[in-house]
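Working notes, structure below.
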Amino acid sequence: MSLDAAVAAGLPTVKVVGTGLLGTSVGLGLASGGARVLLSDPSPTALALARDLGAGAAAAGGDGADVGLVVVAAPPDVTADVVLAELAAHPTATVTDVASVKSGILAEVAARGGDLSRYVGGHPMAGRERSGPVAARGDLFIGRPWVVCAGEKADGDRVDLVRRLALALGATPVVMGAEEHDASVAVVSHVPQVAASLVAARLRTAPEGAVGLAGQGLRDVTRIASSDPLLWAQILSANAAPVLDVLTALRADLDGVIAGLASIAAEGEPGAGAPPALGARAAVAKVVADGNVGRERIPGKHGGQATRYAVVTVVVPDAPGSLARLFADIGDAGVNVEELALEHAPGRAVGLVEVSVLPAVRERLEAGLDAAGWKVVA
């Protein structure tokens with residue numbers, strides 16, 4: 001039995017309320033580890049599908065007596081309602097949730113007389129662009145932070161139970177206050193969603209020729225723009241003040257770039273007598289430089305300090321088995337892959353694979369791939 005399975009098997013009966021992506025993923029992960037999982041959802045179809053996928057058994061009328069932990073995986077705008085209902089329905093159980101905003105839920109539970117000793121907020125920093133039980137995965141949380149937001153009145157043993165829930169699913173529990181959590185996710189999750197959506201929205205009216213030139217950079221920036229609009233309207237509304245603070249600072253930076261570019265553009269206009277404003281190009285460069293510094297703060301592999309990798313780009317035929325052969329040849333060269341990106345070449349039956357490795361092994365990898373017959377792009 002693995003460590004995660006051992007932790008899961010040691011949990012009390014877990015009731016998961018809400019069988020969307022996160023709720024079903026929680027059920028799948030716990031059930032595969034040996035935990036007893038009961039499922040509840042207002043949609044009979046979603047509930048039946050999650051059950052059929054193996055996420056647990058449908059909760060029946062007499063099943064609630066031994067429930068020791070309730071995981072509320074409901075939409076953010078009704079999470080507090082469901083938390084309060086589950087606290088009342090299971091008067092000895094610990095109740096947690098997986099909503100991406102914490103302060104408002106905690107405040108509402110408190111204002112409506114919920115038992116704050118048994119409520120411990122949670123937020124797994126994991127998800128997918130797809131939603132619903134069919135998109136669920138039992139390994140969704142492995143290696144991801146799981147924020148545990150314990151209020152001042154939360155019982156210590158119940159906080160520990162929610163930490164064990166995270167560990168059972170392979171996540172890394174991180175204890176944080178509700179307000180600190182909301183300010184943190186505003187900058188690392190919520191504003192990136194807005195930025196991705198804004199960039200992707202510019203593609204609606206872009207000429208076909210321009211869209212045809214799209215490369216990996218655009219795909220990276222807009223990947224999360226496929227997210228559920230209704231869900232994100234709820235999330236952004238629930239975390240409006242922290243998100244507004246970050247967007248206001250972002251707007252100030254953007255205004256500086258716009259002013260600098262406007263000054264530079266005016267330099268080339270007929271009849272323009274004045275040179276660009278002093279420092280216009282420097283202002284534009286500073287934004288990019290500040291971005292370099294900020295990106296280097298993002299935790300690297302296994303959550304450690306970010307590392308600069310060397311990128312080896314390989315031309316790969318668009319044919320079955322090509323990637324498997326490439327990975328085998330990388331392994332034969334004795335090189336570990338740190339990151340990987342795949343981009344198709346427009347109009348050609350080949351792809352470009354960007355293999356990120358430690359700088360010290362770059363030359364060895366290039367030599368090994370060249371000897372194996374691969375086209376390495378300089």
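Letters A, B, ... mark the chains of the structure tokens in the order given; residue numbers begin at 1 per chain; ligand numbers begin at 1, in order shown.
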DSSP on the backbone: which residues in region 106-149 of chain A end up as strand (DSSP E or B)? Give the answer as a ChimeraX atom specification. /A:119,121-124,145-149
Find the spatial neighbours of Gly27 (chain A), counting only C-alpha atoms, within a cut-off of 9 Å - ignore same-chain residues fewer than 2 positions away - and output them as a VMD selection string. chain A and resid 14 to 16 19 22 to 25 29 to 32 35 37 to 39 50 54 to 56 138
What's the 10 Å shell around Leu49 (chain A), counting only C-alpha atoms, without same-chain residues fewer than 2 positions away, as a PyMOL selection string? chain A and resi 19-20+24+44-47+51-55+132-134
I'd like the contact shell of Pro173 (chain A) - 12 Å cut-off, only C-alpha atoms, skipping same-chain residues fewer than 6 positions apart - returned as number ranges by chain. A: 122-125, 141-150, 159-167
Within 12 Å of region 286-299 of chain A, counting only C-alpha atoms, which residues show up once you throw out same-chain ones fewer than 5 positions away? Write them as a ChimeraX atom specification, please. /A:144-145,187-188,250,252-258,260,279-281,304-309
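CA of Gly217 (chain A) is positioned 17.6 Å from CA of Arg204 (chain A).
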Closest atom pairs, region 207-320 of chain A residues within 8 Å of region 88-107 of chain A, only C-alpha atoms, as JSON lines:
```
{"residue": "A:Ile235", "atom": "CA", "partner": "A:Val101", "partner_atom": "CA", "distance": 6.9}
{"residue": "A:Ala238", "atom": "CA", "partner": "A:Val101", "partner_atom": "CA", "distance": 6.6}
{"residue": "A:Asn239", "atom": "CA", "partner": "A:Val101", "partner_atom": "CA", "distance": 6.3}
```
Write the selection just made, keeping N, CA, C and O atoms, as an mmCIF file, in the first residue's frame?
```
data_model
loop_
_atom_site.group_PDB
_atom_site.id
_atom_site.type_symbol
_atom_site.label_atom_id
_atom_site.label_comp_id
_atom_site.auth_asym_id
_atom_site.auth_seq_id
_atom_site.Cartn_x
_atom_site.Cartn_y
_atom_site.Cartn_z
ATOM 1 N N ILE A 235 -16.422 33.344 -9.422
ATOM 2 C CA ILE A 235 -15.154 33.460 -8.696
ATOM 3 C C ILE A 235 -14.694 34.914 -8.616
ATOM 4 O O ILE A 235 -14.336 35.409 -7.538
ATOM 5 N N ALA A 238 -16.825 36.961 -6.315
ATOM 6 C CA ALA A 238 -16.610 36.645 -4.898
ATOM 7 C C ALA A 238 -15.283 37.180 -4.373
ATOM 8 O O ALA A 238 -15.123 37.374 -3.165
ATOM 9 N N ASN A 239 -14.339 37.428 -5.258
ATOM 10 C CA ASN A 239 -13.018 37.924 -4.838
ATOM 11 C C ASN A 239 -12.743 39.292 -5.453
ATOM 12 O O ASN A 239 -11.599 39.622 -5.787
#
```
Any idea what the distance is between CA of Leu116 (chain A) and CA of Lys153 (chain A)?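 CA of Lys153 (chain A) lies at a distance of 5.7 Å from CA of Leu116 (chain A).
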Using only C-alpha atoms, which of the listed residues (A:Val109, A:Val355, A:Leu218, A:Val71) sits closest to Ala200 (chain A)? A:Leu218
List as a list in words the protein and nucleic acid residues near Ala378 (chain A), meaning an atom at most 10 Å away when only C-alpha atoms are counted, but skip any in the same chain fewer than 5 places from it.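 Answer for this query is Val312, Thr313, Val314 and Glu366 of chain A.
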Using only C-alpha atoms, which residues sit within 10 Å of Leu326 (chain A) once same-chain residues fewer than 4 positions away are excluded, as a list in words?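 My list of contacting residues is Val314, Val315, Val316, Gly321, Ser322, Ile330, Gly331, Asp332, Val353, Leu369, Ala372 and Trp374 of chain A.
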